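Below: start31.txt (compact mmCIF, C-alpha atoms)
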# COMPACT_ATOMS: atom_id res chain seq x y z
CA MET A 11 118.14 -1.15 -31.40
CA ASN A 12 117.55 -0.19 -35.00
CA SER A 13 120.67 0.63 -36.97
CA PRO A 14 120.67 4.08 -38.66
CA THR A 15 122.36 2.46 -41.64
CA LEU A 16 119.62 -0.15 -42.04
CA SER A 17 116.94 2.51 -41.64
CA PHE A 18 118.60 4.59 -44.33
CA LEU A 19 118.82 1.57 -46.64
CA SER A 20 115.17 0.69 -46.05
CA LEU A 21 114.05 4.20 -46.94
CA THR A 22 116.32 4.22 -49.98
CA THR A 23 115.00 0.85 -51.13
CA LEU A 24 111.36 1.95 -50.74
CA SER A 25 112.04 5.18 -52.63
CA LEU A 26 113.69 3.35 -55.51
CA ILE A 27 110.91 0.78 -55.72
CA LEU A 28 108.35 3.57 -55.97
CA GLN A 29 110.35 5.28 -58.70
CA PHE A 30 111.06 2.14 -60.69
CA PRO A 31 108.07 -0.26 -60.75
CA ILE A 32 110.09 -2.80 -62.71
CA SER A 33 107.66 -5.71 -62.66
CA LEU A 34 104.82 -3.53 -63.98
CA THR A 35 106.71 -2.06 -66.92
CA ASN A 36 108.64 -5.02 -68.29
CA PRO A 37 107.16 -6.84 -71.26
CA ASP A 38 107.76 -10.57 -71.31
CA ALA A 39 107.23 -13.44 -73.75
CA SER A 40 103.46 -13.20 -73.28
CA PHE A 41 103.43 -9.95 -75.29
CA TYR A 42 104.94 -11.80 -78.25
CA HIS A 43 102.43 -14.64 -78.02
CA ALA A 44 99.42 -12.35 -77.45
CA CYS A 45 100.10 -10.41 -80.65
CA GLY A 46 100.33 -13.43 -82.91
CA ASN A 47 96.70 -13.34 -84.07
CA THR A 48 95.40 -11.99 -87.35
CA PHE A 49 91.90 -10.58 -87.74
CA ASN A 50 89.48 -12.74 -89.74
CA CYS A 51 85.83 -11.84 -90.29
CA GLY A 52 83.78 -12.83 -93.33
CA SER A 53 85.61 -11.67 -96.47
CA ILE A 54 88.13 -9.64 -94.41
CA THR A 55 90.92 -12.08 -93.55
CA GLY A 56 94.55 -12.21 -92.51
CA ILE A 57 94.66 -8.63 -91.21
CA ALA A 58 97.63 -7.85 -88.98
CA TYR A 59 99.25 -4.79 -87.38
CA PRO A 60 98.56 -1.85 -87.32
CA PHE A 61 95.06 -3.32 -86.91
CA ARG A 62 94.00 -5.59 -84.09
CA GLY A 63 90.88 -7.54 -83.27
CA TYR A 64 88.78 -5.99 -80.52
CA GLN A 65 89.46 -9.01 -78.29
CA ASP A 66 93.24 -8.67 -78.54
CA PRO A 67 95.27 -6.59 -76.04
CA GLU A 68 95.48 -2.89 -76.83
CA TYR A 69 99.27 -3.05 -77.26
CA CYS A 70 98.81 -5.39 -80.26
CA GLY A 71 97.41 -2.62 -82.48
CA TYR A 72 97.76 1.04 -83.26
CA PRO A 73 95.28 3.30 -81.42
CA GLY A 74 92.13 3.91 -83.46
CA LEU A 75 92.56 0.79 -85.62
CA SER A 76 90.51 -1.77 -83.71
CA LEU A 77 88.33 -4.05 -85.83
CA TYR A 78 85.07 -5.63 -84.70
CA CYS A 79 83.24 -8.66 -86.04
CA GLN A 80 79.57 -9.55 -85.75
CA ASP A 81 77.68 -12.00 -87.95
CA ASN A 82 80.77 -12.22 -90.21
CA ILE A 83 80.63 -8.47 -90.84
CA ALA A 84 83.74 -6.43 -90.03
CA THR A 85 83.33 -2.90 -88.69
CA ILE A 86 85.50 -0.06 -87.40
CA ASN A 87 84.66 3.06 -85.39
CA ILE A 88 86.09 6.38 -86.59
CA THR A 89 85.27 9.60 -84.70
CA ASN A 90 82.21 7.95 -83.13
CA VAL A 91 80.75 6.77 -86.46
CA LYS A 92 80.47 3.06 -87.19
CA TYR A 93 81.65 1.92 -90.63
CA ARG A 94 81.37 -1.39 -92.39
CA VAL A 95 84.76 -2.56 -93.67
CA LEU A 96 84.41 -3.60 -97.30
CA ASP A 97 88.08 -4.17 -98.08
CA ILE A 98 91.55 -3.81 -96.56
CA ASN A 99 94.73 -3.79 -98.62
CA GLN A 100 97.73 -3.80 -96.31
CA ALA A 101 100.21 -3.54 -99.19
CA THR A 102 98.84 -0.13 -100.21
CA GLN A 103 97.67 0.80 -96.69
CA THR A 104 94.14 1.45 -97.93
CA MET A 105 90.73 0.51 -96.59
CA THR A 106 87.31 0.82 -98.23
CA ILE A 107 84.54 1.64 -95.78
CA ALA A 108 80.86 2.61 -95.83
CA ARG A 109 78.74 4.04 -93.07
CA GLU A 110 76.94 1.20 -91.35
CA ASP A 111 73.70 3.17 -91.14
CA ILE A 112 73.42 3.50 -94.95
CA VAL A 113 74.46 0.00 -95.97
CA GLU A 114 70.83 -1.15 -95.83
CA SER A 115 69.34 2.21 -96.77
CA VAL A 116 69.96 5.10 -99.13
CA CYS A 117 70.15 7.85 -96.52
CA PRO A 118 71.87 8.06 -93.13
CA ARG A 119 69.88 7.06 -90.06
CA ASP A 120 72.34 8.60 -87.61
CA LEU A 121 72.21 12.36 -88.06
CA VAL A 122 75.95 13.03 -87.68
CA ASN A 123 78.45 14.07 -90.32
CA THR A 124 81.03 11.76 -91.83
CA THR A 125 84.39 12.98 -90.55
CA LEU A 126 87.80 11.34 -90.50
CA ASP A 127 90.50 11.43 -87.87
CA ASN A 128 92.94 13.45 -89.98
CA SER A 129 95.88 12.45 -87.82
CA LEU A 130 95.27 8.81 -88.77
CA PHE A 131 93.46 8.78 -92.13
CA GLU A 132 93.34 10.58 -95.45
CA TYR A 133 91.18 10.04 -98.53
CA ALA A 134 92.92 7.68 -100.95
CA SER A 135 90.96 8.92 -103.97
CA SER A 136 88.75 11.84 -104.94
CA VAL A 137 85.33 11.89 -103.37
CA VAL A 138 82.08 13.78 -103.85
CA ASN A 139 80.22 14.99 -100.79
CA LEU A 140 76.53 14.18 -100.79
CA ASP A 141 74.50 16.25 -98.34
CA PHE A 142 71.32 14.70 -96.99
CA VAL A 143 68.99 17.34 -95.54
CA TYR A 144 66.14 16.58 -93.15
CA ASP A 145 62.96 18.30 -92.03
CA CYS A 146 63.03 21.36 -94.28
CA PRO A 147 60.33 24.09 -94.50
CA ILE A 148 57.36 23.62 -96.85
CA SER A 149 58.68 26.41 -99.08
CA PHE A 150 61.55 24.05 -99.82
CA SER A 151 59.45 22.45 -102.58
CA PHE A 152 60.06 25.24 -105.05
CA ILE A 153 63.81 24.52 -105.34
CA THR A 154 63.60 20.77 -105.95
CA SER A 155 65.46 21.33 -109.21
CA LEU A 156 68.57 21.66 -107.03
CA MET A 157 67.53 19.02 -104.52
CA ILE A 158 66.59 15.41 -105.06
CA PRO A 159 63.71 14.12 -102.93
CA ILE A 160 64.26 10.61 -101.60
CA PRO A 161 60.79 9.11 -101.06
CA SER A 162 62.16 5.86 -99.66
CA CYS A 163 63.74 7.74 -96.75
CA ASN A 164 61.60 8.85 -93.89
CA ILE A 165 63.49 9.47 -90.65
CA SER A 166 61.14 10.05 -87.70
CA GLY A 167 58.53 11.41 -90.10
CA PHE A 168 60.96 13.87 -91.73
CA SER A 169 61.21 14.20 -95.50
CA VAL A 170 64.72 13.74 -96.83
CA TYR A 171 66.35 15.50 -99.77
CA LEU A 172 69.73 15.11 -101.38
CA ASP A 173 71.84 18.21 -101.96
CA VAL A 174 74.66 17.20 -104.31
CA GLY A 175 77.87 19.13 -103.79
CA ASN A 176 76.13 21.53 -101.41
CA ARG A 177 74.53 23.42 -104.32
CA GLY A 178 71.22 24.21 -102.69
CA PRO A 179 70.51 27.21 -100.49
CA ASP A 180 70.41 27.06 -96.72
CA LEU A 181 66.72 26.85 -95.89
CA SER A 182 67.16 26.25 -92.18
CA CYS A 183 66.58 22.55 -92.44
CA LYS A 184 66.74 20.81 -89.09
CA SER A 185 69.62 18.49 -90.00
CA ARG A 186 72.25 18.15 -92.70
CA VAL A 187 74.44 15.04 -92.93
CA THR A 188 77.46 14.88 -95.27
CA VAL A 189 78.47 11.54 -96.78
CA PRO A 190 81.53 11.21 -99.07
CA VAL A 191 81.27 8.78 -101.97
CA ALA A 192 83.60 7.66 -104.76
CA GLY A 193 82.76 6.86 -108.35
CA TRP A 194 79.55 8.87 -108.60
CA ASP A 195 78.84 9.93 -112.18
CA GLY A 196 76.22 12.53 -111.33
CA SER A 197 73.30 10.23 -112.08
CA LEU A 198 70.12 11.17 -110.21
CA ASP A 199 68.72 7.67 -110.48
CA LEU A 200 67.99 6.54 -106.93
CA LYS A 201 68.94 2.93 -107.62
CA ASN A 202 72.34 4.00 -108.89
CA LEU A 203 72.64 6.42 -105.99
CA ALA A 204 72.06 3.62 -103.51
CA GLN A 205 74.82 1.52 -105.08
CA VAL A 206 77.26 4.41 -104.96
CA VAL A 207 76.49 5.33 -101.35
CA GLN A 208 76.67 1.74 -100.17
CA GLY A 209 79.90 1.21 -102.10
CA GLY A 210 81.61 3.57 -99.68
CA PHE A 211 84.93 5.30 -100.16
CA THR A 212 88.60 4.48 -99.71
CA VAL A 213 90.91 5.88 -97.05
CA ARG A 214 94.62 5.48 -96.43
CA TRP A 215 95.98 5.08 -92.92
CA LYS A 216 99.09 7.12 -92.05
CA VAL A 217 100.94 4.65 -89.82
CA ASP A 218 104.55 4.22 -90.98
CA SER A 219 105.06 0.57 -91.94
CA LYS A 220 108.88 0.60 -91.99
CA GLY A 221 109.35 -0.29 -88.33
CA CYS A 222 106.84 -3.13 -88.50
CA ASN A 223 108.37 -4.53 -91.70
CA GLU A 224 111.79 -4.62 -90.02
CA CYS A 225 110.26 -6.29 -86.99
CA THR A 226 108.49 -9.05 -88.88
CA GLY A 227 111.61 -9.52 -91.02
CA SER A 228 113.47 -10.41 -87.81
CA LYS A 229 110.74 -12.89 -86.77
CA GLY A 230 109.25 -10.47 -84.27
CA ARG A 231 105.64 -9.36 -83.86
CA CYS A 232 104.57 -5.76 -84.13
CA GLY A 233 102.87 -3.88 -81.34
CA PHE A 234 102.37 -0.40 -79.97
CA ASP A 235 104.45 1.16 -77.20
CA SER A 236 102.26 3.61 -75.30
CA VAL A 237 105.35 5.14 -73.65
CA THR A 238 107.04 6.18 -76.90
CA GLY A 239 103.81 6.45 -78.90
CA LYS A 240 105.37 4.40 -81.69
CA THR A 241 105.39 0.94 -83.21
CA THR A 242 107.57 -1.52 -81.32
CA CYS A 243 108.72 -5.12 -81.78
CA PHE A 244 107.89 -7.95 -79.38
CA CYS A 245 110.31 -10.87 -79.31
CA PRO A 246 110.09 -14.44 -77.93
CA ASP A 247 113.39 -14.05 -76.04
CA PRO A 248 114.87 -11.33 -73.80
CA PRO A 249 114.75 -8.39 -73.82
CA TYR A 250 111.29 -9.19 -75.31
CA GLU A 251 110.87 -5.67 -76.72
CA SER A 252 113.32 -4.09 -79.11
CA GLY A 253 113.64 -2.39 -82.48
CA THR A 254 114.06 -5.79 -84.11
CA CYS A 255 114.42 -9.25 -82.64
CA SER A 256 117.74 -9.87 -84.42
CA MET A 257 119.24 -7.31 -82.01
CA ALA A 258 117.86 -9.05 -78.95
CA THR A 259 120.69 -11.61 -78.66
CA GLU A 260 123.48 -9.16 -79.46
CA ALA A 261 125.21 -6.72 -77.13
CA LEU A 262 124.27 -3.22 -78.18
CA PRO A 263 127.37 -1.02 -78.77
CA ALA A 264 127.51 2.35 -77.06
CA LYS A 265 127.22 4.23 -80.34
CA THR A 266 123.70 2.98 -80.91
CA GLY A 267 122.47 5.66 -78.51
CA ALA A 268 119.77 5.40 -75.89
CA LEU A 269 118.11 2.08 -75.22
CA PRO A 270 114.33 1.77 -75.65
CA ALA A 271 112.51 3.22 -72.64
CA LYS A 272 111.45 -0.07 -71.07
CA THR A 273 114.82 -1.79 -71.72
CA ALA A 274 116.69 1.13 -70.15
CA LEU A 275 114.34 1.00 -67.18
CA THR A 276 115.04 -2.73 -66.72
CA GLN A 277 118.80 -2.16 -66.82
CA THR A 278 118.56 0.72 -64.34
CA GLY A 279 116.45 -1.40 -61.97
CA HIS A 280 118.96 -4.23 -62.04
CA GLU A 281 121.83 -1.84 -61.31
CA ILE A 282 119.90 -0.39 -58.36
CA SER A 283 119.16 -3.85 -56.96
CA GLU A 284 122.84 -4.83 -57.19
CA ALA A 285 123.91 -1.59 -55.45
CA ILE A 286 121.49 -2.20 -52.57
CA ALA A 287 122.66 -5.80 -52.22
CA GLN A 288 126.29 -4.66 -52.06
CA GLU A 289 125.52 -2.07 -49.36
CA LEU A 290 123.64 -4.64 -47.29
CA SER A 291 126.55 -7.08 -47.62
CA LYS A 292 129.06 -4.44 -46.48
CA HIS A 293 126.86 -3.55 -43.52
CA THR A 294 126.49 -7.21 -42.51
CA ARG A 295 130.25 -7.76 -42.61
CA HIS A 296 130.79 -4.58 -40.57
CA ARG A 297 128.27 -5.65 -37.90
CA SER A 298 129.80 -9.13 -37.74
CA SER A 299 133.28 -7.69 -37.10
CA GLU A 300 131.95 -5.77 -34.07
CA PHE A 301 131.23 -9.00 -32.27
CA LEU A 302 134.64 -10.57 -32.98
Would you mind giving the structure from this file in structure tokens?
Amino acid sequence: MNSPTLSFLSLTTLSLILQFPISLTNPDASFYHACGNTFNCGSITGIAYPFRGYQDPEYCGYPGLSLYCQDNIATINITNVKYRVLDINQATQTMTIAREDIVESVCPRDLVNTTLDNSLFEYASSVVNLDFVYDCPISFSFITSLMIPIPSCNISGFSVYLDVGNRGPDLSCKSRVTVPVAGWDGSLDLKNLAQVVQGGFTVRWKVDSKGCNECTGSKGRCGFDSVTGKTTCFCPDPPYESGTCSMATEALPAKTGALPAKTALTQTGHEISEAIAQELSKHTRHRSSEFL
């Protein structure tokens, strides 16, 4: 006959397992080893967190900072626009990028605006917005003093004009694409314009580097904790994830406050397991005494 106590313990155990999926939430040494790579592609080399290579696990980089490499050309996607990475300076947290669709041409081929994820990036220097307008009415020809025709550009049979600083009137052109550039001196020479557009512009990423610097200073490797939404530190030894790896081998005093989410979860799970084991042991001893 089934014991009510055992039934109760079974239900309690199942409930706790469902609430605390310990094995699925605990990082281990593999996290540390997986995040040991740097990104290298063509002239872009030695790039570490907050960036990650597209082949590395997601937890090795900050969301939105995945780098791709094809034919030794590094690229990054920002708000669904593909950019070629021309330079990354991790000391100043700046990156120079140019739209991939204008690197080999003067005007954009993808008719979407250049927009940044403002929660992640900001312009690192002043820029000038160049507006490329497509498929405008024939009457458009009389205001070419404000617009620069670009004969070398012909997108799907559409004529393309450049509206510098959005000075021209709205003539109901079919498409208008804004491209920020840096270092433009106002020259209307198309050769110079091509160099400026293809030279891109510089952005600064807003990820706080303090936590990662402390992590690497303690011989840890930086990663991203999707639970806290912040930078974390992966360590080669238990507890494997902490603020810094120097703390991993020390007992944390009570005054340090709450443990990291996953570490606290591990501790709670172990306490639960011990409590269940003790209850089972008591019940076994009690049942054994009944037969004596």
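Between Ala44 in chain A and the candidates A:Thr212, A:Thr188, A:Gln65, A:Gln205, the tightest atom-to-atom separation, counting all atoms listed in the file, involves A:Gln65.
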* Just how far from CA of Lys216 in chain A is CA of Val122 in chain A, in Å to one decimal? -> 24.3 Å
Test item: residues at most 9 Å from range 223-239 of chain A, all atoms listed in the file, excluding those fewer than 5 positions along its chain, as an mmCIF file with C-alpha atoms, in the frame of the given file:
data_model
loop_
_atom_site.group_PDB
_atom_site.id
_atom_site.type_symbol
_atom_site.label_atom_id
_atom_site.label_comp_id
_atom_site.auth_asym_id
_atom_site.auth_seq_id
_atom_site.Cartn_x
_atom_site.Cartn_y
_atom_site.Cartn_z
ATOM 1 C CA PHE A 41 103.430 -9.950 -75.290
ATOM 2 C CA TYR A 42 104.940 -11.800 -78.250
ATOM 3 C CA HIS A 43 102.430 -14.640 -78.020
ATOM 4 C CA CYS A 45 100.100 -10.410 -80.650
ATOM 5 C CA GLY A 46 100.330 -13.430 -82.910
ATOM 6 C CA ALA A 58 97.630 -7.850 -88.980
ATOM 7 C CA TYR A 59 99.250 -4.790 -87.380
ATOM 8 C CA PRO A 60 98.560 -1.850 -87.320
ATOM 9 C CA GLU A 68 95.480 -2.890 -76.830
ATOM 10 C CA TYR A 69 99.270 -3.050 -77.260
ATOM 11 C CA CYS A 70 98.810 -5.390 -80.260
ATOM 12 C CA GLY A 71 97.410 -2.620 -82.480
ATOM 13 C CA TYR A 72 97.760 1.040 -83.260
ATOM 14 C CA PRO A 73 95.280 3.300 -81.420
ATOM 15 C CA PHE A 244 107.890 -7.950 -79.380
ATOM 16 C CA CYS A 245 110.310 -10.870 -79.310
ATOM 17 C CA PRO A 246 110.090 -14.440 -77.930
ATOM 18 C CA SER A 252 113.320 -4.090 -79.110
ATOM 19 C CA GLY A 253 113.640 -2.390 -82.480
ATOM 20 C CA THR A 254 114.060 -5.790 -84.110
ATOM 21 C CA CYS A 255 114.420 -9.250 -82.640
ATOM 22 C CA SER A 256 117.740 -9.870 -84.420
ATOM 23 C CA MET A 257 119.240 -7.310 -82.010
ATOM 24 C CA PRO A 270 114.330 1.770 -75.650
ATOM 25 C CA ALA A 271 112.510 3.220 -72.640
ATOM 26 C CA LYS A 272 111.450 -0.070 -71.070
#
* **Between CA of Gly196 in chain A and CA of Asn139 in chain A - distance in Å to one decimal** =>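 So the two atoms, CA of Asn139 in chain A and CA of Gly196 in chain A, lie 11.5 Å apart.
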* For CA of Cys243 in chain A and CA of Gly221 in chain A, quote the distance in Å rounded to one decimal. =>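 That distance, rounded to one decimal, is 8.2 Å.
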* To do: Considering all atoms listed in the file, state which residue in the set A:Pro67, A:Gly52, A:Pro190, A:Pro161 is at the smallest distance from Thr124 in chain A.
  =>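 That would be A:Pro190, the residue with the smallest distance to Thr124 in chain A.
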* Hey, which of A:Arg186, A:Asp141, A:Gln100, A:Pro249 ends up closest to Asp38 in chain A? Count all atoms listed in the file. -> A:Pro249
* Structure fact -> One residue among A:Leu172, A:Ile88, A:Val206, A:Tyr64 is nearest to Asn128 in chain A when using only C-alpha atoms, and that residue is A:Ile88
* Counting all atoms listed in the file, the option among A:Ile112, A:Ile107, A:Cys146, A:Cys117 closest to Ala192 in chain A ->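 Under the stated criterion, the closest residue is A:Ile107.
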* From A:Val138, A:Val207, A:Val217, A:Ile83, residue lying nearest Ala108 in chain A [only C-alpha atoms] ->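 Closest to Ala108 in chain A of all the choices is A:Val207.
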* If you count only C-alpha atoms, which residues fall within 10 Å of Tyr93 in chain A, apart from same-chain ones fewer than 3 positions away, as a PyMOL selection string? -> chain A and resi 84-88+90+96+106-113+124+210
